[in-house]
Structures are given as C-alpha cells and as structure tokens.
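This is coords-v8.cif. It holds mmCIF, C-alpha atoms and all ligand atoms.
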data_final
#
loop_
_atom_site.label_atom_id
_atom_site.label_comp_id
_atom_site.auth_asym_id
_atom_site.auth_seq_id
_atom_site.Cartn_x
_atom_site.Cartn_y
_atom_site.Cartn_z
CA MET A 1 0.71 20.19 -15.36
CA LEU A 2 1.41 18.99 -11.83
CA LYS A 3 4.45 20.15 -9.91
CA LEU A 4 6.56 17.11 -9.07
CA ILE A 5 9.48 17.21 -6.69
CA ASP A 6 12.84 15.54 -6.29
CA LEU A 7 12.72 14.96 -2.54
CA LYS A 8 16.40 14.02 -2.37
CA LEU A 9 15.72 11.53 0.39
CA ASP A 10 18.65 9.52 1.72
CA SER A 11 18.79 6.42 -0.39
CA ILE A 12 18.19 3.26 1.55
CA LEU A 13 19.94 0.07 0.69
CA VAL A 14 17.33 -2.62 0.52
CA SER A 15 18.49 -6.18 0.16
CA LEU A 16 17.08 -7.54 -3.08
CA GLN A 17 16.31 -10.76 -1.23
CA ILE A 18 12.73 -10.91 -0.04
CA VAL A 19 12.40 -12.08 3.53
CA SER A 20 9.55 -14.54 4.19
CA LYS A 21 7.79 -14.29 7.54
CA LEU A 22 5.11 -16.94 7.21
CA ASP A 23 5.29 -18.69 10.59
CA PRO A 24 3.39 -16.43 13.03
CA ASP A 25 2.19 -17.90 16.35
CA TYR A 26 -1.18 -16.34 15.67
CA ILE A 27 -3.16 -14.24 13.22
CA CYS A 28 -5.74 -11.56 14.08
CA ILE A 29 -8.43 -10.87 11.50
CA PRO A 30 -10.05 -7.46 12.10
CA LEU A 31 -13.84 -7.53 11.63
CA GLU A 32 -16.21 -4.74 10.73
CA ALA A 33 -19.12 -4.15 13.14
CA ASN A 34 -22.14 -6.41 12.55
CA THR A 35 -20.06 -9.19 10.99
CA ILE A 36 -21.58 -12.58 11.78
CA ILE A 37 -18.89 -15.02 12.91
CA ASN A 38 -19.33 -18.66 11.87
CA VAL A 39 -16.85 -20.16 14.36
CA LYS A 40 -16.56 -20.16 18.14
CA ASN A 41 -13.82 -20.14 20.74
CA LYS A 42 -11.59 -23.29 20.60
CA ASP A 43 -12.92 -24.44 17.21
CA LYS A 44 -10.28 -25.89 14.92
CA VAL A 45 -10.05 -24.19 11.53
CA ALA A 46 -8.26 -25.06 8.30
CA ILE A 47 -6.70 -22.80 5.66
CA GLY A 48 -9.41 -21.54 3.32
CA GLN A 49 -12.28 -22.14 5.78
CA LYS A 50 -14.95 -19.42 5.64
CA LEU A 51 -15.01 -17.71 9.05
CA THR A 52 -17.79 -15.14 8.77
CA ASP A 53 -20.82 -14.19 6.69
CA GLN A 54 -18.43 -11.94 4.71
CA ASP A 55 -15.74 -13.27 2.36
CA ILE A 56 -13.24 -13.87 5.16
CA TYR A 57 -11.25 -17.11 5.10
CA ALA A 58 -8.70 -18.59 7.50
CA PRO A 59 -5.16 -17.83 6.28
CA ILE A 60 -3.58 -20.43 8.58
CA SER A 61 -4.80 -23.60 10.30
CA GLY A 62 -5.22 -23.61 14.06
CA LYS A 63 -7.53 -22.92 16.97
CA VAL A 64 -9.93 -20.00 17.36
CA GLU A 65 -9.41 -17.81 20.43
CA ASN A 66 -11.38 -14.92 21.93
CA LEU A 67 -12.00 -11.69 20.04
CA GLU A 68 -9.34 -9.05 20.74
CA LEU A 69 -9.40 -5.29 20.40
CA VAL A 70 -6.48 -4.31 18.13
CA ASP A 71 -5.07 -1.22 16.39
CA THR A 72 -5.13 -1.19 12.59
CA TYR A 73 -3.97 1.49 10.16
CA LEU A 74 -7.38 3.13 10.00
CA LYS A 75 -8.98 2.45 13.38
CA LYS A 76 -9.31 0.26 16.46
CA MET A 77 -11.21 -2.93 15.63
CA TYR A 78 -12.23 -6.22 17.16
CA ALA A 79 -10.29 -9.08 15.61
CA LEU A 80 -10.79 -12.83 15.42
CA LYS A 81 -7.66 -14.53 16.73
CA ILE A 82 -6.42 -17.87 15.38
CA ARG A 83 -3.59 -19.64 17.18
CA ASN A 84 -1.36 -21.35 14.58
CA ASP A 85 -1.03 -25.16 14.86
CA PHE A 86 1.62 -25.12 12.09
CA LYS A 87 -0.08 -28.14 10.45
CA GLU A 88 -1.04 -26.19 7.31
CA THR A 89 -4.31 -28.16 7.06
CA ASN A 90 -5.98 -26.89 3.94
CA ILE A 91 -9.59 -27.46 2.89
CA ASN A 92 -8.97 -25.73 -0.38
CA THR A 93 -8.03 -28.57 -2.73
CA GLN A 94 -9.03 -26.68 -5.84
CA LYS A 95 -6.06 -26.16 -8.21
CA LYS A 96 -5.15 -22.64 -9.23
CA ILE A 97 -6.08 -21.99 -12.83
CA ASN A 98 -3.67 -20.72 -15.44
CA SER A 99 -4.02 -17.15 -16.82
CA GLN A 100 -4.88 -18.53 -20.26
CA LYS A 101 -8.05 -20.11 -18.81
CA ILE A 102 -9.40 -16.78 -17.53
CA THR A 103 -12.44 -15.73 -19.54
CA LYS A 104 -13.68 -12.27 -20.45
CA LYS A 105 -16.71 -12.83 -18.19
CA ASP A 106 -14.45 -13.72 -15.21
CA LEU A 107 -12.44 -10.58 -15.81
CA GLN A 108 -15.45 -8.32 -16.16
CA GLU A 109 -17.07 -9.68 -13.00
CA THR A 110 -13.92 -9.40 -10.92
CA LEU A 111 -12.79 -6.02 -12.25
CA SER A 112 -16.12 -4.46 -11.33
CA ASN A 113 -14.95 -4.77 -7.69
CA PHE A 114 -11.90 -2.64 -8.57
CA ASN A 115 -13.91 0.38 -9.85
CA PHE A 116 -12.74 -0.42 -13.35
CA ALA A 117 -14.26 1.67 -16.18
CA PHE A 118 -14.71 -0.69 -19.14
CA ASP A 119 -15.13 2.14 -21.65
CA LYS A 120 -11.53 3.37 -21.23
CA PRO A 121 -9.08 2.03 -23.86
CA ASN A 122 -5.92 2.22 -21.69
CA LEU A 123 -4.80 0.66 -18.43
CA ILE A 124 -1.83 2.22 -16.62
CA ILE A 125 -0.08 -0.07 -14.15
CA ASN A 126 1.58 1.93 -11.41
CA ALA A 127 4.73 0.10 -10.26
CA ILE A 128 6.13 3.20 -8.59
CA ASP A 129 6.88 3.61 -4.91
CA ASP A 130 7.16 7.00 -3.25
CA GLU A 131 9.37 7.93 -0.31
CA TYR A 132 11.15 5.06 1.45
CA GLN A 133 9.08 2.29 -0.10
CA TYR A 134 9.95 -0.54 -2.48
CA THR A 135 6.72 -2.48 -2.12
CA GLN A 136 5.21 -2.17 -5.62
CA SER A 137 8.61 -2.96 -7.16
CA PHE A 138 8.85 -6.15 -5.14
CA TYR A 139 5.29 -7.27 -5.93
CA LEU A 140 6.42 -7.19 -9.55
CA LEU A 141 9.86 -8.67 -8.98
CA ASP A 142 8.60 -11.63 -6.96
CA ASN A 143 5.52 -12.39 -9.10
CA TYR A 144 6.83 -11.32 -12.45
CA GLU A 145 5.37 -14.03 -14.69
CA ASN A 146 1.96 -14.24 -13.01
CA ILE A 147 1.47 -10.49 -13.21
CA LEU A 148 2.65 -10.08 -16.79
CA ASP A 149 0.71 -13.17 -17.98
CA LEU A 150 -2.45 -11.71 -16.47
CA LEU A 151 -1.83 -8.26 -17.98
CA GLU A 152 -1.26 -9.78 -21.42
CA ARG A 153 -4.49 -11.77 -21.04
CA MET A 154 -6.37 -8.60 -20.01
CA ALA A 155 -5.05 -6.73 -23.06
CA THR A 156 -6.25 -9.53 -25.35
CA LEU A 157 -9.68 -10.09 -23.81
CA LEU A 158 -10.59 -6.47 -23.09
CA LYS A 159 -8.84 -5.05 -26.17
CA ILE A 160 -7.03 -2.41 -24.14
CA LYS A 161 -3.52 -0.98 -24.25
CA ILE A 162 -1.44 -1.62 -21.14
CA ILE A 163 1.21 0.84 -20.00
CA LEU A 164 3.48 -0.35 -17.20
CA ALA A 165 5.14 2.62 -15.48
CA LEU A 166 8.42 2.08 -13.63
CA ARG A 167 10.79 4.50 -11.95
CA GLU A 168 14.15 4.99 -13.67
CA ASN A 169 16.07 3.59 -10.69
CA ASN A 170 14.07 0.33 -10.67
CA GLN A 171 16.86 -1.35 -12.60
CA GLU A 172 16.09 -4.99 -11.80
CA ASN A 173 12.49 -4.80 -13.04
CA ILE A 174 13.50 -2.77 -16.10
CA ASN A 175 16.11 -5.42 -17.03
CA ASN A 176 13.55 -8.23 -16.60
CA LEU A 177 11.02 -6.45 -18.76
CA LEU A 178 13.51 -5.72 -21.50
CA THR A 179 14.75 -9.34 -21.49
CA TYR A 180 11.27 -10.88 -21.83
CA ARG A 181 9.72 -8.12 -23.90
CA GLY A 182 8.81 -10.38 -26.84
CA MET A 183 6.66 -12.59 -24.60
CA TYR A 184 4.41 -9.69 -23.63
CA PRO A 185 3.83 -7.69 -26.82
CA SER A 186 0.77 -5.82 -25.51
CA ILE A 187 2.58 -4.29 -22.54
CA GLN A 188 4.24 -0.98 -23.18
CA ILE A 189 6.93 0.11 -20.69
CA LYS A 190 7.19 3.72 -19.55
CA ILE A 191 10.21 4.70 -17.51
CA VAL A 192 9.54 7.79 -15.42
CA PRO A 193 11.94 10.02 -13.45
CA ASN A 194 12.58 9.77 -9.74
CA LEU A 195 10.12 12.47 -8.72
CA TYR A 196 7.86 12.57 -5.71
CA LEU A 197 4.26 11.64 -6.01
CA LEU A 198 4.38 9.62 -9.21
CA GLY A 199 3.39 6.71 -6.95
CA ASN A 200 0.03 8.49 -6.69
CA ASP A 201 -2.26 7.21 -9.45
CA TYR A 202 -3.74 10.62 -10.22
CA CYS A 203 -0.28 12.23 -10.52
CA LEU A 204 1.08 9.41 -12.66
CA GLN A 205 -1.82 9.57 -15.10
CA ASN A 206 -1.45 13.33 -15.31
CA PHE A 207 2.32 13.02 -15.87
CA LEU A 208 1.86 10.45 -18.65
CA GLN A 209 -0.88 12.59 -20.20
CA ILE A 210 -3.07 9.60 -20.98
CA GLU A 211 -6.58 10.81 -20.34
CA GLU A 212 -8.76 7.79 -21.11
CA ALA A 213 -7.22 5.31 -18.70
CA ASN A 214 -7.84 3.18 -15.65
CA VAL A 215 -4.91 3.14 -13.23
CA LEU A 216 -4.14 0.14 -11.03
CA LYS A 217 -1.16 -0.57 -8.80
CA VAL A 218 0.88 -3.77 -9.17
CA SER A 219 -0.40 -4.83 -5.75
CA GLN A 220 -3.97 -4.57 -7.11
CA ILE A 221 -3.05 -6.77 -10.08
CA TYR A 222 -1.67 -9.27 -7.54
CA GLU A 223 -5.04 -9.19 -5.74
CA LEU A 224 -6.91 -9.46 -9.03
CA ASP A 225 -4.83 -12.51 -9.94
CA SER A 226 -5.72 -14.11 -6.62
CA TYR A 227 -9.48 -13.41 -7.04
CA LEU A 228 -9.46 -14.77 -10.57
CA LYS A 229 -7.53 -17.93 -9.73
CA THR A 230 -8.81 -18.78 -6.25
CA LYS A 231 -12.06 -16.76 -5.95
CA ARG A 232 -10.75 -15.02 -2.84
CA GLU A 233 -8.36 -12.29 -1.78
CA SER A 234 -4.68 -13.18 -1.34
CA ARG A 235 -3.69 -14.21 2.16
CA ASP A 236 -0.25 -12.62 1.90
CA LEU A 237 1.22 -9.21 1.14
CA TYR A 238 4.57 -7.43 0.73
CA ILE A 239 5.81 -4.70 3.08
CA THR A 240 8.97 -2.56 2.98
CA ILE A 241 10.73 -2.16 6.32
CA SER A 242 13.27 0.66 6.31
CA GLY A 243 14.26 3.87 8.07
CA ASN A 244 17.32 5.53 9.61
CA ASN A 245 17.09 3.34 12.73
CA VAL A 246 17.17 0.04 10.76
CA LEU A 247 20.40 -1.84 10.07
CA ASN A 248 18.85 -4.51 7.84
CA PRO A 249 16.14 -2.89 5.67
CA CYS A 250 14.20 -5.41 3.61
CA VAL A 251 10.93 -6.26 1.92
CA ILE A 252 8.93 -8.84 3.83
CA ASN A 253 6.39 -11.27 2.42
CA THR A 254 3.95 -12.13 5.19
CA TYR A 255 0.31 -12.89 5.97
CA LYS A 256 -2.35 -10.26 6.44
CA GLY A 257 -3.28 -10.31 10.13
CA VAL A 258 0.18 -10.78 11.67
CA SER A 259 1.21 -8.45 14.48
CA LEU A 260 3.67 -5.61 13.90
CA ASN A 261 5.79 -6.96 16.75
CA TYR A 262 6.13 -10.30 14.90
CA LEU A 263 7.32 -8.53 11.73
CA LEU A 264 9.90 -6.57 13.68
CA GLU A 265 11.38 -9.62 15.46
CA ASN A 266 14.48 -9.89 13.25
CA ILE A 267 14.86 -6.23 12.46
CA LYS A 268 18.14 -4.89 13.86
CA LEU A 269 17.97 -1.36 15.20
CA VAL A 270 20.66 1.28 15.60
CA ASN A 271 19.07 2.70 18.77
CA GLN A 272 16.50 0.99 20.96
CA GLU A 273 14.19 4.02 20.91
CA SER A 274 12.29 4.45 17.62
CA ASP A 275 9.41 6.28 16.02
CA ILE A 276 7.40 3.97 13.77
CA TYR A 277 5.44 5.25 10.77
CA ILE A 278 3.09 3.14 8.67
CA ASN A 279 3.04 3.97 4.94
CA SER A 280 6.00 6.31 5.22
CA LEU A 281 6.74 9.73 6.58
CA LEU A 282 4.87 12.28 4.48
CA GLN A 283 1.76 10.32 3.59
CA GLY A 284 1.47 7.84 6.42
CA LYS A 285 1.12 8.08 10.18
CA LYS A 286 2.98 7.35 13.38
CA VAL A 287 1.79 4.32 15.33
CA ASN A 288 2.43 2.48 18.56
CA LYS A 289 3.79 -0.96 17.72
CA ASP A 290 2.18 -2.87 20.58
CA ASN A 291 -1.17 -4.34 19.64
CA PHE A 292 -0.87 -3.19 15.99
CA ILE A 293 -2.12 -5.65 13.37
CA ILE A 294 -1.04 -5.63 9.72
CA THR A 295 -3.93 -5.29 7.27
CA GLY A 296 -4.01 -5.05 3.47
CA ASP A 297 -3.62 -1.26 3.53
CA VAL A 298 -0.12 -1.42 5.09
CA LYS A 299 2.55 -0.97 2.40
CA SER A 300 5.57 0.01 4.47
CA ILE A 301 6.96 0.39 7.96
CA LEU A 302 9.41 3.22 8.49
CA ILE A 303 11.49 3.03 11.67
CA GLN A 304 13.18 6.31 12.47
CA LYS A 305 15.52 7.22 15.32
CA LYS A 306 13.48 8.75 18.08
CA GLU A 307 13.57 12.47 17.75
CA SER A 308 11.73 14.99 19.81
CA LEU A 309 9.14 16.41 17.46
CA LYS A 310 9.97 19.90 16.31
CA LYS A 311 7.55 22.25 18.03
CA GLU A 312 5.22 24.17 15.74
CA GLU A 313 5.98 27.86 15.51
CA ARG A 314 3.95 30.76 14.18
CA CYS A 315 3.56 30.97 10.41
CA LEU A 316 6.25 33.12 8.75
CA ASN A 317 4.10 33.86 5.70
CA CYS A 318 6.89 32.61 3.46
CA GLY A 319 4.45 31.03 0.99
CA ALA A 320 6.48 27.81 0.59
CA CYS A 321 3.50 25.56 1.40
CA LEU A 322 1.41 27.30 -1.21
CA ASN A 323 4.12 27.09 -3.87
CA ILE A 324 4.91 23.43 -3.37
CA CYS A 325 1.35 22.08 -3.49
CA PRO A 326 1.06 19.91 -6.64
CA VAL A 327 -2.65 20.65 -7.03
CA ASN A 328 -2.55 24.38 -6.24
CA ILE A 329 -4.32 24.27 -2.89
CA ASN A 330 -3.58 27.04 -0.41
CA PRO A 331 -2.97 25.28 2.93
CA LEU A 332 -2.86 28.66 4.65
CA LEU A 333 -6.63 28.78 4.21
CA PHE A 334 -7.25 25.45 5.94
CA LYS A 335 -8.55 27.29 8.99
CA ASP A 336 -11.46 28.46 6.88
CA GLN A 337 -13.87 25.53 7.19
CA LYS A 338 -15.64 26.42 3.95
CA TYR A 339 -12.36 26.42 1.99
CA LEU A 340 -11.25 23.20 3.67
CA ALA A 341 -14.53 21.47 2.77
CA LYS A 342 -14.13 22.64 -0.83
CA VAL A 343 -10.56 21.35 -1.33
CA LYS A 344 -10.48 18.33 0.95
CA ASP A 345 -11.21 15.81 -1.78
CA LYS A 346 -8.80 17.47 -4.19
CA CYS A 347 -5.94 17.30 -1.64
CA LEU A 348 -3.62 14.34 -2.36
CA LYS A 349 -2.58 14.03 1.32
CA CYS A 350 0.98 14.08 0.03
CA GLY A 351 2.36 15.91 3.07
CA LEU A 352 4.54 18.26 0.99
CA CYS A 353 3.09 21.41 2.59
CA SER A 354 4.14 20.17 6.05
CA TYR A 355 7.47 18.84 4.73
CA ILE A 356 8.50 22.25 3.36
CA CYS A 357 7.21 24.43 6.19
CA PRO A 358 10.06 26.14 8.13
CA ALA A 359 7.67 26.65 11.06
CA TYR A 360 7.02 22.87 11.30
CA ILE A 361 3.27 23.29 10.87
CA ASN A 362 1.55 19.95 10.50
CA PHE A 363 -1.32 20.45 8.04
CA ASN A 364 -2.47 16.86 8.43
CA LYS A 365 -4.12 17.94 11.65
CA TYR A 366 -6.39 20.26 9.69
CA LEU A 367 -7.20 17.54 7.24
CA GLU A 368 -8.13 15.29 10.15
CA GLU A 369 -10.26 18.13 11.51
CA GLU A 370 -8.19 18.86 14.60
CA GLU A 371 -7.74 22.46 15.68
CA ILE A 372 -4.27 24.03 15.72
CA ASP A 373 -3.35 27.59 16.52
CA ALA A 374 -0.17 28.26 14.56
CA LEU A 375 -1.81 29.86 11.55
S1 LIG B 401 -1.11 17.64 1.45
FE1 LIG B 401 -0.61 19.82 1.20
S2 LIG B 401 0.77 19.92 -0.55
FE2 LIG B 401 -0.24 17.90 -0.63
S3 LIG B 401 -2.00 18.20 -1.95
FE3 LIG B 401 -2.72 18.53 0.15
S4 LIG B 401 -2.51 20.75 0.49
FE4 LIG B 401 -1.30 20.25 -1.33
S1 LIG B 402 2.57 27.66 6.91
FE1 LIG B 402 4.79 27.32 6.85
S2 LIG B 402 5.33 27.15 4.68
FE2 LIG B 402 3.25 28.02 4.78
S3 LIG B 402 3.59 30.24 4.69
FE3 LIG B 402 3.51 29.68 6.87
S4 LIG B 402 5.63 29.30 7.45
FE4 LIG B 402 5.59 29.30 5.20
#
Give the structure from this file in structure tokens form.
Ligand code: SF4
Ligand code: SF4
Amino acid sequence: MLKLIDLKLDSILVSLQIVSKLDPDYICIPLEANTIINVKNKDKVAIGQKLTDQDIYAPISGKVENLELVDTYLKKMYALKIRNDFKETNINTQKKINSQKITKKDLQETLSNFNFAFDKPNLIINAIDDEYQYTQSFYLLDNYENILDLLERMATLLKIKIILALRENNQENINNLLTYRGMYPSIQIKIVPNLYLLGNDYCLQNFLQIEEANVLKVSQIYELDSYLKTKRESRDLYITISGNNVLNPCVINTYKGVSLNYLLENIKLVNQESDIYINSLLQGKKVNKDNFIITGDVKSILIQKKESLKKEERCLNCGACLNICPVNINPLLFKDQKYLAKVKDKCLKCGLCSYICPAYINFNKYLEEEEIDAL
C-alpha cells in the first residue's frame, strides 16, 4: 500500500467563479522541429484553419507574424505567432455532435490516441487536484453535463464500469453529482480523503485497489469530448492561479498559446517581487514569466512571495526522505548512477523527499541529471 500524506498546506480561497481570458492580442503556437508550415508571414487565417502538416489549427482569427523563440513548460521552442483581429472569423461551420450520436467505432479510434487498454473492465476518472490546484475540479464543474454525458455513453458502448474519484473537500462537484445521480446510472462516485498524491493516476488506482482499470483525468475526458465532436483538440484549457503572493486566486479559462504575461494581467499581487512555479511547488518548476507561452501541459500557476532560496546543507542522515517516499525509493542513493537509472521510471516526481528534507536538498536536480554535492 502506498504511503499518502496530509500535506497540511495553507488552504487557498479560490473564487468559484471561473474567469474567462479569451481576448489575447496574439497567440503563439509552439511547433516541433521539422513541422511544415502551411501559411506565411502576413497571411490572414480563420479559426479552425489548418496551419501545418500536423493537426494544428488556428484558435483565433488574425494575421500570421514571424516565428518567435518562446519558453514552454518543457523546453524552448519556435512558435507561430498569430495577431488577433478580434473578428472571430470561423471556417469551421460543422455543428458539434451530441454525445448520443457517438459510435463505438468513433470511441475506439479516438481512445487509441489516449493509450486506452480496451481489455480492462473499469475506467477510473481522476478529478483530484494535488497541492494548490483546482484545475480538474473546475473542468468538471464548468463542463458537467458534457463530461458526464460522454462518460455514460462510454460505459454503454464499451460495457465498462466508470468510477469518478473526487476529493472529500470538493463539495460543489459532490453536490452536483448527488443531485443528478439518476441521470448517470453507470457512473459510480468515490469520495477520497484529502491526501497528497491521489491526483497522481498510479497512486489513485493503487488507493482504490482496482487493478483492471484505465485511469484518465477529467481534463483528458474534456479533450476526448473535443476530438469526438469536432475532430480536433480543444482550443481552450483551465488553469488555477494561486499562491501566497496572490490577492485574487482564481481558475482561468483561456486559449492554449496565450502568454503568461497576458494571464497575469488582472492578478493582484501582495508584493511586486514573486517566484512563479508552473504546475505547483513540489511537482512543477520555477519559470521566468517573460516570453513564457501556455501549452496544454500547464495546469496551474503558483505565485509565491519572493524568498531567497534556502541554501542546501550537508545531509544529516535523518532518513526522512527515505521514510516519506510513497514508492520506497531511497533518494540517498541517487548519486549512484546505476541505482538512479534503475528507479528513475518508478519515481513519481512527487517532490516529497525534497519537501521533507531538513537540509533543503533538492533531489529534482538528480532526477534531471545535474550534479550536486550535498550528499
Ligand atoms: S520524488 Fe522523491 S519521494 Fe517522490 S517518488 Fe521520487 S524519490 Fe520518492
Ligand atoms: S537527504 Fe535530507 S531528509 Fe534525506 S537523510 Fe539527508 S538530511 Fe535527511
């Protein structure tokens, strides 16, 4: 059984209103190397227009500008920039289909892109957010009917049992589900305690002790819904903005490809100096906000008061890192390259070993193959 932890983080008051930020001056679409671009500088594009040889479509209408080098969560990339003309010209006149029209063949074809194992009789939907995030909860809250209609359809067509896992403090979603329970008879609700790392699919499945199951996050069901109904990925996403330097924490619905600076425009700060983390403190990473572009892998933005980083000290051999690890890895052995290679895939990158360490040792550096001398 995994060790799960009550992190006792300061609770953050998040307004239950979702803030829409859908009027950016421009969008940057990061492109992988060797992508063939179908448009050129100054071309006018409409929403839904195919922009490259890959499945990349314009999320806004406007004019194409030069390629720009931008920072994304994973790496620096060249991005195609589109200046918004705010005309919302849309070439996509096709009407969205209703969940009831989705066929088994559609589902099977689309789910194969989500690494879905068709021989497993259960599907766990992970609606749990770890740390200072509310993103999965808000995907569900804001798209409640679409998501549950699709899940009910999946249960019928694929003959699977669906288990929707929610954290016990996710009161609004729990109330909705209990109110409309009769409309979705195939969806079983599991309410889980407020323990760290249940937002991780592997940990959740292990906690629920359901062996033969696929696990998908609510955000993936949202994407699946978009693929099934429009034949392309969604152009928008939800992101939690919170942290001890934020006066108005919120969940923002915005387009993929907007700049981080645009998202932060109406965020009120306690102090002007901040440290910004993408995808939270323990599992995410610190970024520089200038030139940073939001991609589909961004789930939250944590804005903390600027603090001088605690300097790493020598290891005290207290064993806390070893005891806290949910998958029984010994981080003290990370300096041994052979051991590191053996456990690297097993490591959940949960950050608990660094969180607990009284000597402030940052084990992420080992996992990213940087050398440190504290051990
Ligand atoms: S990050 Fe640390 S605590 Fe978490 S799984 Fe990896 S070694 Fe264990
Ligand atoms: S690395 Fe940190 S937590 Fe682990 S034994 Fe050393 S001092 Fe303790």
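The protein and nucleic acid residues lying at most 6 Å from Cys350 of chain A are Gln283, Leu348 and Leu352 of chain A, with only C-alpha atoms considered and sequence neighbours fewer than 2 positions away removed.
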Quiz item: For Ala359 of chain A, which residue out of A:Leu80, A:Leu340, A:Ile29, A:Ala320 is the nearest one, using all atoms listed in the file?
Solution: A:Ala320
Exercise. Using all atoms listed in the file, find the one residue out of A:Val70, A:Leu107, A:Ala155, A:Ile301 that sits nearest to Asp275 of chain A.
Key: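 Closest to Asp275 of chain A, using all atoms listed in the file: A:Ile301.
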Can you tell me which residues come within 10 Å of ligand LIG 402 (chain B) when counting only C-alpha atoms and all ligand atoms, ideally as a PDB file with C-alpha atoms, in the frame of the given file?
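Output contents, as saved in pocket-v8.pdb:
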ATOM      1  CA  GLU A 312       5.220  24.170  15.740  1.00  0.00           C
ATOM      2  CA  GLU A 313       5.980  27.860  15.510  1.00  0.00           C
ATOM      3  CA  ARG A 314       3.950  30.760  14.180  1.00  0.00           C
ATOM      4  CA  CYS A 315       3.560  30.970  10.410  1.00  0.00           C
ATOM      5  CA  LEU A 316       6.250  33.120   8.750  1.00  0.00           C
ATOM      6  CA  ASN A 317       4.100  33.860   5.700  1.00  0.00           C
ATOM      7  CA  CYS A 318       6.890  32.610   3.460  1.00  0.00           C
ATOM      8  CA  GLY A 319       4.450  31.030   0.990  1.00  0.00           C
ATOM      9  CA  ALA A 320       6.480  27.810   0.590  1.00  0.00           C
ATOM     10  CA  CYS A 321       3.500  25.560   1.400  1.00  0.00           C
ATOM     11  CA  LEU A 322       1.410  27.300  -1.210  1.00  0.00           C
ATOM     12  CA  ASN A 323       4.120  27.090  -3.870  1.00  0.00           C
ATOM     13  CA  ILE A 324       4.910  23.430  -3.370  1.00  0.00           C
ATOM     14  CA  ASN A 330      -3.580  27.040  -0.410  1.00  0.00           C
ATOM     15  CA  PRO A 331      -2.970  25.280   2.930  1.00  0.00           C
ATOM     16  CA  LEU A 332      -2.860  28.660   4.650  1.00  0.00           C
ATOM     17  CA  LEU A 333      -6.630  28.780   4.210  1.00  0.00           C
ATOM     18  CA  LEU A 352       4.540  18.260   0.990  1.00  0.00           C
ATOM     19  CA  CYS A 353       3.090  21.410   2.590  1.00  0.00           C
ATOM     20  CA  SER A 354       4.140  20.170   6.050  1.00  0.00           C
ATOM     21  CA  TYR A 355       7.470  18.840   4.730  1.00  0.00           C
ATOM     22  CA  ILE A 356       8.500  22.250   3.360  1.00  0.00           C
ATOM     23  CA  CYS A 357       7.210  24.430   6.190  1.00  0.00           C
ATOM     24  CA  PRO A 358      10.060  26.140   8.130  1.00  0.00           C
ATOM     25  CA  ALA A 359       7.670  26.650  11.060  1.00  0.00           C
ATOM     26  CA  TYR A 360       7.020  22.870  11.300  1.00  0.00           C
ATOM     27  CA  ILE A 361       3.270  23.290  10.870  1.00  0.00           C
ATOM     28  CA  ASN A 362       1.550  19.950  10.500  1.00  0.00           C
ATOM     29  CA  PHE A 363      -1.320  20.450   8.040  1.00  0.00           C
ATOM     30  CA  ALA A 374      -0.170  28.260  14.560  1.00  0.00           C
ATOM     31  CA  LEU A 375      -1.810  29.860  11.550  1.00  0.00           C
TER      32      LEU A 375
END
Exercise. Excluding Lys42 of chain A and any residue of its chain fewer than 5 positions from it, enumerate the residues within 9 Å of it, using all atoms listed in the file, and give them as a ChimeraX atom specification.
Key: /A:63-66
Quiz item: Quick one: distance from atom CA of Lys217 of chain A to atom CA of Glu172 of chain A in Å, one decimal?
Solution: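 Straight-line distance from atom CA of Lys217 of chain A to atom CA of Glu172 of chain A works out to 18.1 Å.
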Quiz item: By how many Å are atom CA of Lys338 of chain A and atom CA of Lys365 of chain A apart?
Solution: 16.2 Å
Self-check item: Using only C-alpha atoms and all ligand atoms: which of A:Lys3, A:Lys190, A:Lys75, A:Lys268 has the shortest distance to ligand LIG 401 (chain B)
Solution: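 Going through A:Lys3, A:Lys190, A:Lys75, A:Lys268 one by one, the smallest distance to ligand LIG 401 (chain B) is for A:Lys3.
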Excluding segment 163-169 of chain A and any residue of its chain fewer than 6 positions from it, enumerate the residues within 7 Å of it, using all atoms listed in the file, and give them as a PDB file with C-alpha atoms, in the coordinates of the input.
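File produced: around_13.pdb:
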ATOM      1  CA  LEU A 123      -4.800   0.660 -18.430  1.00  0.00           C
ATOM      2  CA  ILE A 124      -1.830   2.220 -16.620  1.00  0.00           C
ATOM      3  CA  ILE A 125      -0.080  -0.070 -14.150  1.00  0.00           C
ATOM      4  CA  ASN A 126       1.580   1.930 -11.410  1.00  0.00           C
ATOM      5  CA  ALA A 127       4.730   0.100 -10.260  1.00  0.00           C
ATOM      6  CA  ILE A 128       6.130   3.200  -8.590  1.00  0.00           C
ATOM      7  CA  ILE A 187       2.580  -4.290 -22.540  1.00  0.00           C
ATOM      8  CA  GLN A 188       4.240  -0.980 -23.180  1.00  0.00           C
ATOM      9  CA  ILE A 189       6.930   0.110 -20.690  1.00  0.00           C
ATOM     10  CA  LYS A 190       7.190   3.720 -19.550  1.00  0.00           C
ATOM     11  CA  ILE A 191      10.210   4.700 -17.510  1.00  0.00           C
ATOM     12  CA  VAL A 192       9.540   7.790 -15.420  1.00  0.00           C
ATOM     13  CA  PRO A 193      11.940  10.020 -13.450  1.00  0.00           C
ATOM     14  CA  ASN A 194      12.580   9.770  -9.740  1.00  0.00           C
TER      15      ASN A 194
END
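Remark: for Lys346 of chain A, the closest of the candidate residues A:Ile278, A:Ile162, A:Cys203, A:Val258 is A:Cys203 (distances computed over only C-alpha atoms).
Within the 9 Å cut-off around Thr35 of chain A, using only C-alpha atoms and omitting residues fewer than 2 positions from it on the same chain, the listed residues are A:Leu31, A:Glu32, A:Ala33, A:Ile37, A:Thr52, A:Asp53, A:Gln54.
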Residue subset to file, keeping C-alpha atoms, as a short mmCIF file (atom, residue, chain, number, x, y, z; two decimals), keeping the file's coordinate frame:
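Written output follows (out.cif):
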data_model
loop_
_atom_site.label_atom_id
_atom_site.label_comp_id
_atom_site.auth_asym_id
_atom_site.auth_seq_id
_atom_site.Cartn_x
_atom_site.Cartn_y
_atom_site.Cartn_z
CA LEU A 31 -13.84 -7.53 11.63
CA GLU A 32 -16.21 -4.74 10.73
CA ALA A 33 -19.12 -4.15 13.14
CA ILE A 37 -18.89 -15.02 12.91
CA THR A 52 -17.79 -15.14 8.77
CA ASP A 53 -20.82 -14.19 6.69
CA GLN A 54 -18.43 -11.94 4.71
#
Quiz item: Nearest to ligand LIG 401 (chain B) among A:Asn288, A:Asn170, A:Leu4, A:Asn214, with distances taken over all atoms listed in the file: which residue is it?
Solution: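 Using all atoms listed in the file, ligand LIG 401 (chain B) sits closest to A:Leu4.
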Practice problem: Pick out the residues sitting within 10 Å of Lys299 of chain A, and hand them over as a ChimeraX atom specification; count only C-alpha atoms, and ignore anything fewer than 6 positions along from it in its own chain. | Solution: /A:129,133-136,219,237-241,251,278-280,284
Quiz item: Counting only C-alpha atoms and all ligand atoms, which of A:Pro121, A:Gly199, A:Gly48, A:Gly351 gets nearest to ligand LIG 401 (chain B)?
Solution: A:Gly351
Practice problem: Record the distance separating atom CA of Pro30 of chain A and atom CA of Arg235 of chain A, expressed in Å with one decimal. | Solution: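 Going from atom CA of Pro30 of chain A over to atom CA of Arg235 of chain A covers 13.6 Å.
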Quiz item: Can you find the residues with an atom no farther than 7 Å from (8.0, 2.7, 14.7), counting all atoms listed in the file, and report them as a PyMOL selection string?
Solution: chain A and resi 274-277+286-289+302-304
